[in-house]
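What follows is protein.txt (compact mmCIF, C-alpha atoms and all ligand atoms).
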# COMPACT_ATOMS: atom_id res chain seq x y z
CA MET A 13 15.10 15.09 12.87
CA GLU A 14 17.93 13.14 14.49
CA THR A 15 20.58 11.79 12.16
CA LYS A 16 20.84 8.00 11.93
CA ALA A 17 23.75 5.88 10.81
CA THR A 18 22.50 4.22 7.64
CA THR A 19 24.09 0.80 7.02
CA ILE A 20 24.10 -0.55 3.47
CA ARG A 21 24.50 -4.29 3.01
CA LYS A 22 24.67 -6.18 -0.24
CA VAL A 23 22.29 -9.10 -0.47
CA SER A 24 21.85 -11.74 -3.16
CA PRO A 25 18.70 -10.84 -5.14
CA THR A 26 18.02 -14.49 -5.97
CA ARG A 27 19.16 -16.35 -2.82
CA PRO A 28 19.21 -13.80 0.00
CA GLU A 29 21.68 -14.74 2.75
CA PRO A 30 19.72 -15.76 5.89
CA GLU A 31 22.13 -13.91 8.18
CA ILE A 32 21.57 -10.61 6.38
CA ILE A 33 17.82 -11.11 6.28
CA SER A 34 17.60 -11.82 10.02
CA TRP A 35 19.78 -8.78 10.74
CA ALA A 36 17.40 -6.58 8.72
CA ALA A 37 14.27 -8.22 10.15
CA ASP A 38 15.60 -7.55 13.62
CA ILE A 39 15.85 -3.84 12.83
CA LEU A 40 12.20 -3.88 11.71
CA THR A 41 11.11 -5.74 14.84
CA LYS A 42 12.83 -3.15 16.99
CA GLY A 43 10.93 -0.34 15.28
CA GLY A 44 13.56 0.69 12.70
CA LEU A 45 13.38 1.54 9.02
CA VAL A 46 14.87 -0.74 6.35
CA ALA A 47 14.89 -0.07 2.59
CA PHE A 48 14.69 -3.21 0.45
CA PRO A 49 14.35 -4.18 -3.20
CA THR A 50 11.08 -5.36 -4.72
CA GLU A 51 10.34 -6.33 -8.33
CA THR A 52 8.93 -2.83 -8.95
CA VAL A 53 11.02 -0.24 -7.05
CA TYR A 54 12.81 -0.11 -3.67
CA GLY A 55 10.50 0.14 -0.66
CA LEU A 56 11.08 1.75 2.73
CA GLY A 57 9.85 -0.78 5.26
CA ALA A 58 8.61 -0.55 8.84
CA ASN A 59 6.58 -2.83 11.11
CA GLY A 60 3.11 -2.20 9.68
CA LEU A 61 1.32 -2.95 12.94
CA ASP A 62 3.30 -0.50 15.06
CA PRO A 63 2.12 3.13 14.84
CA ASN A 64 5.46 4.59 15.97
CA SER A 65 7.47 2.66 13.42
CA VAL A 66 5.06 3.68 10.67
CA ALA A 67 5.23 7.32 11.77
CA GLY A 68 8.99 7.07 11.22
CA ILE A 69 8.40 6.42 7.51
CA TYR A 70 6.51 9.69 7.09
CA GLY A 71 9.25 11.57 8.91
CA ALA A 72 12.08 10.06 6.87
CA LYS A 73 10.36 10.66 3.53
CA GLY A 74 8.79 14.00 4.37
CA ARG A 75 5.53 12.43 3.22
CA PRO A 76 2.14 14.08 3.89
CA SER A 77 0.51 12.03 6.66
CA ASP A 78 -2.80 11.69 4.79
CA ASN A 79 -1.19 9.63 2.00
CA PRO A 80 -1.74 5.99 3.01
CA LEU A 81 0.81 3.16 2.80
CA ILE A 82 0.75 -0.32 1.30
CA LEU A 83 1.03 -3.28 3.68
CA HIS A 84 3.32 -5.91 2.18
CA VAL A 85 2.79 -9.59 3.00
CA SER A 86 4.87 -12.69 2.29
CA HIS A 87 1.88 -15.03 2.02
CA PRO A 88 -1.74 -14.48 0.90
CA ASP A 89 -3.04 -15.97 4.20
CA GLN A 90 -1.60 -12.97 6.05
CA VAL A 91 -4.31 -10.79 4.46
CA ASP A 92 -7.04 -12.56 6.47
CA LYS A 93 -6.04 -10.56 9.54
CA LEU A 94 -6.12 -7.30 7.61
CA SER A 95 -9.31 -7.55 5.56
CA THR A 96 -12.33 -9.61 4.67
CA LEU A 97 -11.87 -10.97 1.17
CA ASN A 98 -14.57 -11.33 -1.45
CA LYS A 99 -14.38 -13.70 -4.41
CA ILE A 100 -12.83 -11.19 -6.81
CA ALA A 101 -10.09 -10.29 -4.33
CA LYS A 102 -9.23 -13.96 -3.86
CA GLN A 103 -9.17 -14.62 -7.60
CA LEU A 104 -6.95 -11.61 -8.25
CA MET A 105 -4.53 -12.68 -5.51
CA GLU A 106 -4.39 -16.16 -6.94
CA LYS A 107 -3.74 -14.89 -10.45
CA PHE A 108 -1.38 -11.97 -9.87
CA TRP A 109 0.39 -12.61 -6.54
CA PRO A 110 3.20 -12.51 -5.85
CA GLY A 111 3.43 -9.53 -8.19
CA PRO A 112 2.94 -5.85 -8.90
CA LEU A 113 -0.76 -5.64 -8.00
CA THR A 114 -1.85 -3.75 -4.88
CA LEU A 115 -5.43 -4.30 -3.76
CA VAL A 116 -7.39 -1.68 -1.83
CA LEU A 117 -9.77 -3.54 0.47
CA PRO A 118 -12.03 -2.80 3.45
CA LYS A 119 -9.82 -2.79 6.54
CA LYS A 120 -10.24 -4.81 9.70
CA PRO A 121 -9.70 -3.18 13.10
CA GLY A 122 -6.18 -3.26 14.50
CA ILE A 123 -4.43 -1.63 11.55
CA PRO A 124 -2.85 1.63 12.71
CA ALA A 125 -4.48 4.79 11.33
CA GLU A 126 -0.94 5.85 10.40
CA VAL A 127 -0.94 3.13 7.72
CA THR A 128 -4.32 3.92 6.19
CA GLY A 129 -4.17 7.69 6.48
CA GLY A 130 -7.34 7.41 8.57
CA LEU A 131 -9.32 5.73 5.75
CA ASP A 132 -11.53 2.68 6.33
CA THR A 133 -9.66 0.81 3.58
CA VAL A 134 -6.23 -0.80 3.47
CA ALA A 135 -3.88 -1.43 0.54
CA VAL A 136 -2.10 -4.81 0.44
CA ARG A 137 0.38 -6.48 -1.85
CA MET A 138 2.62 -9.54 -1.97
CA PRO A 139 5.78 -8.53 -3.84
CA ASN A 140 7.53 -10.90 -6.24
CA HIS A 141 11.11 -10.55 -5.03
CA PRO A 142 13.08 -13.10 -2.96
CA VAL A 143 14.62 -10.40 -0.74
CA ALA A 144 11.30 -8.70 -0.01
CA LEU A 145 9.55 -12.00 0.67
CA ALA A 146 12.34 -13.26 2.93
CA LEU A 147 12.44 -10.00 4.89
CA ILE A 148 8.68 -9.83 5.42
CA GLY A 149 8.62 -13.50 6.37
CA ALA A 150 11.43 -13.09 8.88
CA ALA A 151 9.88 -9.96 10.40
CA GLY A 152 6.68 -11.95 10.96
CA VAL A 153 4.44 -8.90 10.47
CA PRO A 154 2.97 -7.08 7.49
CA VAL A 155 5.55 -4.52 6.37
CA ALA A 156 4.34 -1.01 5.57
CA ALA A 157 6.43 0.24 2.67
CA PRO A 158 6.14 3.21 0.38
CA SER A 159 8.71 3.74 -2.36
CA ALA A 160 12.03 4.60 -0.68
CA ASN A 161 12.45 8.12 -2.06
CA ARG A 162 12.11 11.56 -0.50
CA SER A 163 8.50 12.61 -1.04
CA GLY A 164 7.94 14.05 -4.50
CA ARG A 165 11.16 12.62 -5.99
CA PRO A 166 11.40 9.85 -8.59
CA SER A 167 11.03 6.39 -7.06
CA PRO A 168 14.33 4.55 -6.47
CA THR A 169 15.30 1.60 -8.63
CA THR A 170 18.76 1.09 -7.08
CA ALA A 171 20.18 1.13 -3.54
CA GLU A 172 22.24 4.14 -4.59
CA HIS A 173 19.08 6.12 -5.38
CA VAL A 174 17.79 5.25 -1.89
CA HIS A 175 21.07 6.35 -0.34
CA THR A 176 20.99 9.67 -2.22
CA ASP A 177 17.54 10.46 -0.84
CA LEU A 178 17.50 8.89 2.62
CA ALA A 179 21.04 8.49 3.99
CA GLY A 180 21.08 9.63 7.63
CA ARG A 181 17.30 9.21 7.89
CA ILE A 182 16.87 5.43 7.91
CA ASP A 183 18.64 2.52 9.60
CA ALA A 184 19.51 0.22 6.74
CA ILE A 185 19.46 -0.38 3.02
CA LEU A 186 19.51 -3.89 1.57
CA ASP A 187 21.29 -3.60 -1.77
CA GLY A 188 19.89 -6.28 -4.05
CA GLY A 189 20.81 -4.60 -7.32
CA GLN A 190 18.48 -3.04 -9.85
CA ALA A 191 14.70 -3.27 -9.27
CA GLY A 192 13.48 -4.88 -12.48
CA MET A 193 10.18 -3.32 -13.59
CA GLY A 194 11.11 0.21 -12.66
CA VAL A 195 7.61 1.55 -12.01
CA GLU A 196 5.46 0.83 -8.97
CA SER A 197 2.64 -1.66 -8.61
CA THR A 198 -0.83 -1.17 -10.04
CA VAL A 199 -3.18 0.06 -7.31
CA LEU A 200 -6.66 -1.44 -7.81
CA ASP A 201 -9.54 -0.31 -5.61
CA LEU A 202 -11.91 -3.21 -4.91
CA THR A 203 -14.17 -1.34 -2.51
CA SER A 204 -16.44 0.14 -5.17
CA GLU A 205 -18.87 -1.83 -7.30
CA ILE A 206 -16.60 -1.82 -10.33
CA PRO A 207 -12.86 -2.22 -9.63
CA ILE A 208 -10.98 1.04 -10.32
CA ILE A 209 -7.33 1.46 -11.22
CA LEU A 210 -6.09 4.29 -8.98
CA ARG A 211 -2.51 4.01 -10.20
CA PRO A 212 -1.42 2.12 -13.33
CA GLY A 213 1.64 -0.06 -12.83
CA GLY A 214 3.25 -3.44 -13.36
CA VAL A 215 -0.02 -5.29 -14.02
CA THR A 216 -1.58 -3.59 -17.03
CA PHE A 217 -5.14 -2.40 -17.60
CA GLU A 218 -5.36 -4.85 -20.51
CA GLN A 219 -4.35 -7.78 -18.26
CA LEU A 220 -7.01 -6.80 -15.71
CA GLN A 221 -9.62 -6.29 -18.43
CA GLU A 222 -8.98 -9.78 -19.68
CA PHE A 223 -9.41 -11.24 -16.20
CA LEU A 224 -12.29 -9.18 -14.76
CA ASP A 225 -15.85 -8.66 -16.00
CA SER A 226 -15.36 -4.94 -15.65
CA VAL A 227 -12.62 -2.57 -14.59
CA THR A 228 -12.24 1.19 -14.99
CA ILE A 229 -9.42 3.71 -14.79
CA ASP A 230 -9.66 6.64 -12.40
CA PRO A 231 -9.80 9.90 -14.43
CA SER A 232 -6.89 11.32 -12.39
CA VAL A 233 -4.55 8.72 -13.90
CA LEU A 234 -3.91 10.74 -17.04
CA GLY A 235 -5.49 14.07 -16.15
CA GLU A 236 -7.36 15.83 -18.91
CA ARG A 237 -6.30 15.48 -22.54
CA LEU A 238 -4.85 18.71 -23.82
CA PRO A 239 -5.50 20.48 -27.12
CA GLU A 240 -3.34 20.01 -30.20
CA ASN A 241 -1.43 23.28 -29.88
CA MET A 242 0.92 24.29 -27.10
CA ALA A 243 -1.30 24.47 -24.07
CA PRO A 244 -0.22 24.94 -20.48
CA ARG A 245 -0.43 22.10 -18.03
CA SER A 246 -3.95 21.42 -16.86
CA PRO A 247 -4.65 22.99 -13.45
CA GLY A 248 -6.11 19.62 -12.37
CA MET A 249 -2.63 18.11 -12.28
CA LYS A 250 -1.62 20.24 -9.37
CA TYR A 251 0.55 17.74 -7.56
CA LEU A 252 4.02 17.33 -8.93
CA HIS A 253 5.25 13.80 -8.27
CA TYR A 254 8.18 11.70 -9.36
CA ALA A 255 9.76 15.02 -10.22
CA PRO A 256 13.44 15.66 -10.92
CA SER A 257 14.87 19.05 -9.90
CA ALA A 258 14.78 20.34 -13.48
CA SER A 259 11.47 21.42 -15.03
CA LEU A 260 10.07 18.68 -17.21
CA LEU A 261 8.07 19.48 -20.33
CA LEU A 262 6.21 16.53 -21.81
CA PHE A 263 5.51 16.38 -25.56
CA GLU A 264 2.67 14.06 -26.54
CA GLY A 265 1.24 12.83 -29.80
CA LYS A 266 2.19 10.66 -32.73
CA GLY A 267 4.52 11.42 -35.58
CA GLU A 268 7.08 13.99 -36.54
CA GLY A 269 5.42 16.92 -34.75
CA LYS A 270 7.00 15.86 -31.49
CA LEU A 271 10.51 15.79 -32.93
CA ARG A 272 10.03 19.22 -34.51
CA LEU A 273 8.50 20.91 -31.46
CA ILE A 274 11.12 19.48 -29.09
CA THR A 275 13.92 20.56 -31.42
CA GLU A 276 12.49 24.10 -31.67
CA ARG A 277 12.02 24.36 -27.93
CA ALA A 278 15.50 22.97 -27.23
CA GLU A 279 17.11 25.50 -29.54
CA LYS A 280 15.17 28.35 -28.00
CA LEU A 281 16.08 27.36 -24.44
CA MET A 282 19.72 26.72 -25.28
CA GLY A 283 19.75 30.15 -26.95
CA GLN A 284 18.79 31.55 -23.54
CA GLY A 285 21.84 29.84 -22.06
CA LEU A 286 20.00 26.98 -20.37
CA ARG A 287 21.24 23.39 -20.12
CA VAL A 288 18.68 21.25 -21.93
CA GLY A 289 18.14 17.53 -21.50
CA ILE A 290 16.04 15.49 -23.90
CA LEU A 291 14.43 12.20 -22.88
CA ALA A 292 14.14 10.56 -26.27
CA THR A 293 12.89 7.36 -27.80
CA GLU A 294 15.57 5.25 -29.42
CA GLU A 295 14.07 6.03 -32.83
CA ASN A 296 14.57 9.80 -32.44
CA ALA A 297 17.57 10.02 -30.12
CA GLY A 298 20.11 10.71 -32.88
CA ARG A 299 18.01 13.40 -34.53
CA TYR A 300 18.16 16.16 -31.89
CA PRO A 301 20.61 19.08 -31.77
CA GLY A 302 24.07 17.91 -30.75
CA GLU A 303 24.42 20.43 -27.90
CA ALA A 304 21.43 19.00 -26.03
CA ILE A 305 22.00 16.22 -23.48
CA VAL A 306 20.05 13.31 -24.92
CA LEU A 307 19.23 10.24 -22.78
CA GLU A 308 17.35 7.30 -24.22
CA LEU A 309 14.08 5.92 -22.94
CA GLY A 310 14.28 2.88 -25.23
CA SER A 311 12.18 2.04 -28.25
CA SER A 312 8.73 3.60 -28.53
CA LEU A 313 7.56 0.05 -29.24
CA SER A 314 8.73 -1.25 -25.86
CA PRO A 315 7.08 0.55 -22.95
CA GLU A 316 8.41 -2.16 -20.58
CA ALA A 317 11.96 -1.08 -21.38
CA ALA A 318 10.97 2.56 -20.90
CA ALA A 319 9.43 1.76 -17.51
CA SER A 320 12.57 0.03 -16.30
CA VAL A 321 14.83 3.03 -17.01
CA LEU A 322 12.43 5.97 -16.55
CA PHE A 323 13.12 6.97 -12.94
CA GLY A 324 16.86 6.36 -13.30
CA ARG A 325 16.99 8.66 -16.34
CA LEU A 326 15.17 11.43 -14.44
CA ARG A 327 17.77 11.14 -11.68
CA ASP A 328 20.58 11.09 -14.28
CA PHE A 329 19.37 14.44 -15.61
CA ASP A 330 19.64 15.84 -12.08
CA ARG A 331 23.24 14.64 -11.81
CA LEU A 332 23.96 16.20 -15.17
CA LYS A 333 22.51 19.44 -13.79
CA VAL A 334 20.19 20.21 -16.67
CA ASP A 335 17.78 23.12 -16.21
CA VAL A 336 14.99 21.74 -18.39
CA ILE A 337 14.03 18.25 -19.55
CA LEU A 338 12.08 17.89 -22.78
CA ALA A 339 10.49 14.44 -22.79
CA GLU A 340 8.90 12.44 -25.59
CA GLY A 341 5.63 10.84 -24.58
CA LEU A 342 4.71 7.24 -25.43
CA GLU A 343 1.41 5.65 -26.33
CA THR A 344 -0.69 4.65 -23.34
CA ARG A 345 -1.10 0.99 -24.27
CA GLY A 346 0.18 -1.73 -21.91
CA MET A 347 2.95 -0.49 -19.64
CA GLY A 348 2.81 2.78 -21.61
CA LEU A 349 -0.06 3.85 -19.35
CA ALA A 350 2.10 3.58 -16.23
CA VAL A 351 5.00 5.40 -17.92
CA MET A 352 2.76 8.22 -19.13
CA ASN A 353 1.06 8.53 -15.73
CA ARG A 354 4.48 9.06 -14.09
CA LEU A 355 5.67 11.45 -16.80
CA ARG A 356 2.50 13.51 -16.61
CA ARG A 357 2.77 13.74 -12.87
CA ALA A 358 6.41 14.81 -13.14
CA ALA A 359 5.63 17.41 -15.82
CA ARG A 360 5.28 21.13 -15.33
CA GLU A 361 3.73 21.43 -18.75
CA VAL A 362 2.14 18.96 -21.17
CA ILE A 363 2.32 19.91 -24.83
CA GLY A 364 0.12 18.23 -27.44
CA CYS A 365 1.81 17.71 -30.81
CA SER A 366 0.21 16.71 -34.10
O1 LIG A 401 5.38 -1.05 -6.17
C1 LIG A 401 4.94 -0.47 -5.18
O2 LIG A 401 3.73 -0.36 -4.94
C2 LIG A 401 5.97 0.11 -4.21
C3 LIG A 401 6.78 -1.04 -3.61
C4 LIG A 401 7.72 -0.61 -2.54
O3 LIG A 401 5.90 -2.03 -3.15
N1 LIG A 401 5.33 0.88 -3.19
C5 LIG A 401 4.76 2.08 -3.44
O4 LIG A 401 4.22 2.71 -2.33
O5 LIG A 401 4.75 2.59 -4.55
P1 LIG A 401 3.82 4.26 -2.34
O6 LIG A 401 3.47 4.57 -0.93
O7 LIG A 401 4.89 5.05 -2.96
O8 LIG A 401 2.52 4.31 -3.18
C6 LIG A 401 1.33 3.73 -2.66
C7 LIG A 401 0.14 4.26 -3.38
C8 LIG A 401 -0.09 5.72 -3.10
O9 LIG A 401 -0.49 6.35 -4.30
C9 LIG A 401 -1.21 5.70 -2.07
O10 LIG A 401 -1.99 6.86 -2.13
C10 LIG A 401 -2.00 4.47 -2.52
O11 LIG A 401 -1.02 3.56 -2.94
N2 LIG A 401 -2.77 3.89 -1.41
C11 LIG A 401 -2.30 3.28 -0.30
N3 LIG A 401 -3.30 2.91 0.52
C12 LIG A 401 -4.45 3.29 -0.09
C13 LIG A 401 -5.83 3.20 0.26
N4 LIG A 401 -6.25 2.64 1.39
N5 LIG A 401 -6.73 3.72 -0.61
C14 LIG A 401 -6.32 4.29 -1.76
N6 LIG A 401 -5.04 4.40 -2.15
C15 LIG A 401 -4.10 3.91 -1.33
MG MG A 402 5.86 6.55 -3.96
Take the structure I supplied and represent it as structure tokens, if you would.
Amino acid sequence: METKATTIRKVSPTRPEPEIISWAADILTKGGLVAFPTETVYGLGANGLDPNSVAGIYGAKGRPSDNPLILHVSHPDQVDKLSTLNKIAKQLMEKFWPGPLTLVLPKKPGIPAEVTGGLDTVAVRMPNHPVALALIGAAGVPVAAPSANRSGRPSPTTAEHVHTDLAGRIDAILDGGQAGMGVESTVLDLTSEIPIILRPGGVTFEQLQEFLDSVTIDPSVLGERLPENMAPRSPGMKYLHYAPSASLLLFEGKGEGKLRLITERAEKLMGQGLRVGILATEENAGRYPGEAIVLELGSSLSPEAAASVLFGRLRDFDRLKVDVILAEGLETRGMGLAVMNRLRRAAREVIGCS
């Protein structure tokens, strides 16, 4: 593909400068690609009603064209042109928007097939970030925006991550500092009888359970549970996602078993001359062999903190050129479900520990 000059501009994350916003909106209106911060991760935006602009997103990311995009709006009323809303959809929008909840709804005509991957549904979300809201508002159209990473890589939580992946492939990056939550929005499918979580994210299963009469989690979210001993990764989890360059081995389960198995594996791999990284909870970080490169995921009691640093840590391991990452799993409660979904999808192997 042709190389583009990618302009990075700093923007205030709380009071975005109107001049910078109208500059970026202008790029979108003319069919260009602009990366921008949201409260979850950075998005790569294009005019969501223009098929050519949207096609540009797939090209820049190297994304399979059958993986649909989220349309981002700056006001709930904008959804009326995109979908017919039932009562539950309206209530969810009222409760959780702006915020990290994406709703999959029946689509109205006029939405390019490039956005929906040819499906008869459309995903919509109103992000809770002043820069995102200002940009979408100024563009005056729904903005199609996947996470602004090369396909298969960890999602970007800083403008620098975006630059690493997409420099020369997109027109602009709005640098509004760190994206706060660190994992993407929850994707909730409202087109089946019972709402289904297709991807856990910033709004937790527990929050949705409290608000809805019924809600389920798609079985693909965590893949199959694996046996207690060292078992290979389930063949069902065939798509590596969010993956750093190094192989990631995920160790799950409560208690000391995890610490012991990771230590044993680290020593074995280092004995073979490999550079080993360990993604450790705060509680265990000081207890691993000194020659391993240990990065902290935060306390096992605070999955929110883990979510906010997760993708950055995976990218740090790449910069540190480790060959293998041994990662401690967390419990799947609250934001832990989103963290574990991303870790499982990044993992080459999941190891159950007792
Ligand atoms: O937090 C987020 O959601 C970020 C920021 C930028 O808003 N965006 C994001 O987009 O994560 P992306 O493209 O990386 O992930 C969108 C997810 C994908 O898993 C896609 O398959 C799913 O939403 N999706 C989009 N449209 C869908 C549809 N019509 N039906 C089912 N799943 C859909
Ligand atoms: Mg993504």
Residues of chain A that approach ligand MG 402 (chain A) to 10 Å or less, counting only C-alpha atoms and all ligand atoms: could you list each one with the shortest pair of atoms and its distance in Å to one decimal, rows by chain and increasing residue number, as a Markdown table?
| residue | atom | partner | partner_atom | distance |
| --- | --- | --- | --- | --- |
| A:Val53 | CA | A:MG402 | MG | 9.1 |
| A:Tyr54 | CA | A:MG402 | MG | 9.6 |
| A:Gly55 | CA | A:MG402 | MG | 8.6 |
| A:Leu56 | CA | A:MG402 | MG | 9.7 |
| A:Lys73 | CA | A:MG402 | MG | 9.7 |
| A:Arg75 | CA | A:MG402 | MG | 9.3 |
| A:Asn79 | CA | A:MG402 | MG | 9.7 |
| A:Leu81 | CA | A:MG402 | MG | 9.1 |
| A:Ala157 | CA | A:MG402 | MG | 9.2 |
| A:Pro158 | CA | A:MG402 | MG | 5.5 |
| A:Ser159 | CA | A:MG402 | MG | 4.3 |
| A:Ala160 | CA | A:MG402 | MG | 7.3 |
| A:Asn161 | CA | A:MG402 | MG | 7.0 |
| A:Arg162 | CA | A:MG402 | MG | 8.7 |
| A:Ser163 | CA | A:MG402 | MG | 7.2 |
| A:Gly164 | CA | A:MG402 | MG | 7.8 |
| A:Arg165 | CA | A:MG402 | MG | 8.3 |
| A:Pro166 | CA | A:MG402 | MG | 7.9 |
| A:Ser167 | CA | A:MG402 | MG | 6.0 |
| A:Pro168 | CA | A:MG402 | MG | 9.1 |
| A:Val195 | CA | A:MG402 | MG | 9.6 |
| A:Glu196 | CA | A:MG402 | MG | 7.6 |
| A:Ser197 | CA | A:MG402 | MG | 10.0 |
| A:His253 | CA | A:MG402 | MG | 8.5 |
| A:Tyr254 | CA | A:MG402 | MG | 7.8 |
*Hey, which residues come within 9 Å of ligand LIG 401 (chain A) if we count only C-alpha atoms and all ligand atoms? Could you give them as an MDAnalysis selection string?*
chainID A and resid 47:57 78:84 111:119 127:139 156:161 163 167 194:201 210:211 213:214
Go ahead and write the selection's residues with C-alpha atoms as a compact mmCIF listing (two decimals), in the frame of the given file.
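That gives us selection_28.txt:
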# COMPACT_ATOMS: atom_id res chain seq x y z
CA ALA A 47 14.89 -0.07 2.59
CA PHE A 48 14.69 -3.21 0.45
CA PRO A 49 14.35 -4.18 -3.20
CA THR A 50 11.08 -5.36 -4.72
CA GLU A 51 10.34 -6.33 -8.33
CA THR A 52 8.93 -2.83 -8.95
CA VAL A 53 11.02 -0.24 -7.05
CA TYR A 54 12.81 -0.11 -3.67
CA GLY A 55 10.50 0.14 -0.66
CA LEU A 56 11.08 1.75 2.73
CA GLY A 57 9.85 -0.78 5.26
CA ASP A 78 -2.80 11.69 4.79
CA ASN A 79 -1.19 9.63 2.00
CA PRO A 80 -1.74 5.99 3.01
CA LEU A 81 0.81 3.16 2.80
CA ILE A 82 0.75 -0.32 1.30
CA LEU A 83 1.03 -3.28 3.68
CA HIS A 84 3.32 -5.91 2.18
CA GLY A 111 3.43 -9.53 -8.19
CA PRO A 112 2.94 -5.85 -8.90
CA LEU A 113 -0.76 -5.64 -8.00
CA THR A 114 -1.85 -3.75 -4.88
CA LEU A 115 -5.43 -4.30 -3.76
CA VAL A 116 -7.39 -1.68 -1.83
CA LEU A 117 -9.77 -3.54 0.47
CA PRO A 118 -12.03 -2.80 3.45
CA LYS A 119 -9.82 -2.79 6.54
CA VAL A 127 -0.94 3.13 7.72
CA THR A 128 -4.32 3.92 6.19
CA GLY A 129 -4.17 7.69 6.48
CA GLY A 130 -7.34 7.41 8.57
CA LEU A 131 -9.32 5.73 5.75
CA ASP A 132 -11.53 2.68 6.33
CA THR A 133 -9.66 0.81 3.58
CA VAL A 134 -6.23 -0.80 3.47
CA ALA A 135 -3.88 -1.43 0.54
CA VAL A 136 -2.10 -4.81 0.44
CA ARG A 137 0.38 -6.48 -1.85
CA MET A 138 2.62 -9.54 -1.97
CA PRO A 139 5.78 -8.53 -3.84
CA ALA A 156 4.34 -1.01 5.57
CA ALA A 157 6.43 0.24 2.67
CA PRO A 158 6.14 3.21 0.38
CA SER A 159 8.71 3.74 -2.36
CA ALA A 160 12.03 4.60 -0.68
CA ASN A 161 12.45 8.12 -2.06
CA SER A 163 8.50 12.61 -1.04
CA SER A 167 11.03 6.39 -7.06
CA GLY A 194 11.11 0.21 -12.66
CA VAL A 195 7.61 1.55 -12.01
CA GLU A 196 5.46 0.83 -8.97
CA SER A 197 2.64 -1.66 -8.61
CA THR A 198 -0.83 -1.17 -10.04
CA VAL A 199 -3.18 0.06 -7.31
CA LEU A 200 -6.66 -1.44 -7.81
CA ASP A 201 -9.54 -0.31 -5.61
CA LEU A 210 -6.09 4.29 -8.98
CA ARG A 211 -2.51 4.01 -10.20
CA GLY A 213 1.64 -0.06 -12.83
CA GLY A 214 3.25 -3.44 -13.36
*Within 9 Å of A:Ser311, counting all atoms listed in the file, which residues show up once you throw out same-chain ones fewer than 5 positions away? Write them as a list in words, please.*
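In the requested format, the answer is Ala292, Thr293, Glu294, Glu295, Ala317 and Ala318 of chain A.
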How would the residues just picked look written out with C-alpha atoms as a PDB file, in the coordinates of the input?
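And here's selection21.pdb as it stands now:
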ATOM      1  CA  ALA A 292      14.140  10.560 -26.270  1.00  0.00           C
ATOM      2  CA  THR A 293      12.890   7.360 -27.800  1.00  0.00           C
ATOM      3  CA  GLU A 294      15.570   5.250 -29.420  1.00  0.00           C
ATOM      4  CA  GLU A 295      14.070   6.030 -32.830  1.00  0.00           C
ATOM      5  CA  ALA A 317      11.960  -1.080 -21.380  1.00  0.00           C
ATOM      6  CA  ALA A 318      10.970   2.560 -20.900  1.00  0.00           C
TER       7      ALA A 318
END
_Taking 3 positions as the minimum chain separation for residues in the same chain, which residues sit within 8 Å of A:Lys333 when counting all atoms listed in the file? Answer as a ChimeraX atom specification._
/A:258,287,329-330
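Taking only C-alpha atoms into account, A:Val362 lies nearest to A:Leu261 out of the set A:Gly283, A:Leu261, A:Lys270, A:Leu291.
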_Two-atom distance - atom CA of A:Ser226, atom CA of A:Lys93 (Å)_ =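 Computed distance, atom CA of A:Ser226 to atom CA of A:Lys93, equals 27.4 Å.
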*Would you be able to write out as a ChimeraX atom specification which residues have an atom within 10 Å of (2.8, 9.6, -20.8) in the file's coordinates, counting only C-alpha atoms?*
/A:234,262-265,339-344,348-359,362
_From the options A:Leu147, A:Ala72, A:Ser320, A:Ile290, which residue's atoms come nearest to A:Glu308, counting all atoms listed in the file?_
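The answer is A:Ile290, which sits nearest to A:Glu308.
Going from atom CA of A:Ser257 over to atom CA of A:Pro301, you cover 22.6 Å.
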Do you know which residues lie at most 9 Å from (11.5, 4.0, 8.0), with coordinates as in the file and only C-alpha atoms counted, and could you write them as a CSV table (one decimal) with C-alpha atoms, in the coordinates of the input?
chain,number,residue,atom,x,y,z
A,40,LEU,CA,12.2,-3.9,11.7
A,43,GLY,CA,10.9,-0.3,15.3
A,44,GLY,CA,13.6,0.7,12.7
A,45,LEU,CA,13.4,1.5,9.0
A,46,VAL,CA,14.9,-0.7,6.4
A,47,ALA,CA,14.9,-0.1,2.6
A,56,LEU,CA,11.1,1.8,2.7
A,57,GLY,CA,9.8,-0.8,5.3
A,58,ALA,CA,8.6,-0.6,8.8
A,59,ASN,CA,6.6,-2.8,11.1
A,65,SER,CA,7.5,2.7,13.4
A,66,VAL,CA,5.1,3.7,10.7
A,67,ALA,CA,5.2,7.3,11.8
A,68,GLY,CA,9.0,7.1,11.2
A,69,ILE,CA,8.4,6.4,7.5
A,70,TYR,CA,6.5,9.7,7.1
A,71,GLY,CA,9.2,11.6,8.9
A,72,ALA,CA,12.1,10.1,6.9
A,73,LYS,CA,10.4,10.7,3.5
A,157,ALA,CA,6.4,0.2,2.7
A,160,ALA,CA,12.0,4.6,-0.7
A,181,ARG,CA,17.3,9.2,7.9
A,182,ILE,CA,16.9,5.4,7.9
A,183,ASP,CA,18.6,2.5,9.6
A,184,ALA,CA,19.5,0.2,6.7
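Proximity to A:Leu97 was assessed for A:Glu29, A:Thr169, A:Thr203, A:Glu126 counting all atoms listed in the file; the smallest distance is recorded for A:Thr203.
Excluding A:Gly285 itself and same-chain residues fewer than 2 positions from it, the residues having an atom within 12 Å of it are Ala278, Glu279, Lys280, Leu281, Met282, Gly283, Arg287, Val288, Glu303, Ala304, Val334, Asp335 and Val336 of chain A, counting all atoms listed in the file.
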*For atom CA of A:Arg272 and atom CA of A:Val233, determine how far apart the two atoms are, in Å to one decimal place.*
27.3 Å
_List as a count of residues only the protein and nucleic acid residues near A:Glu218, meaning an atom at most 9 Å away when only C-alpha atoms are counted, but skip any in the same chain fewer than 4 places from it._
4
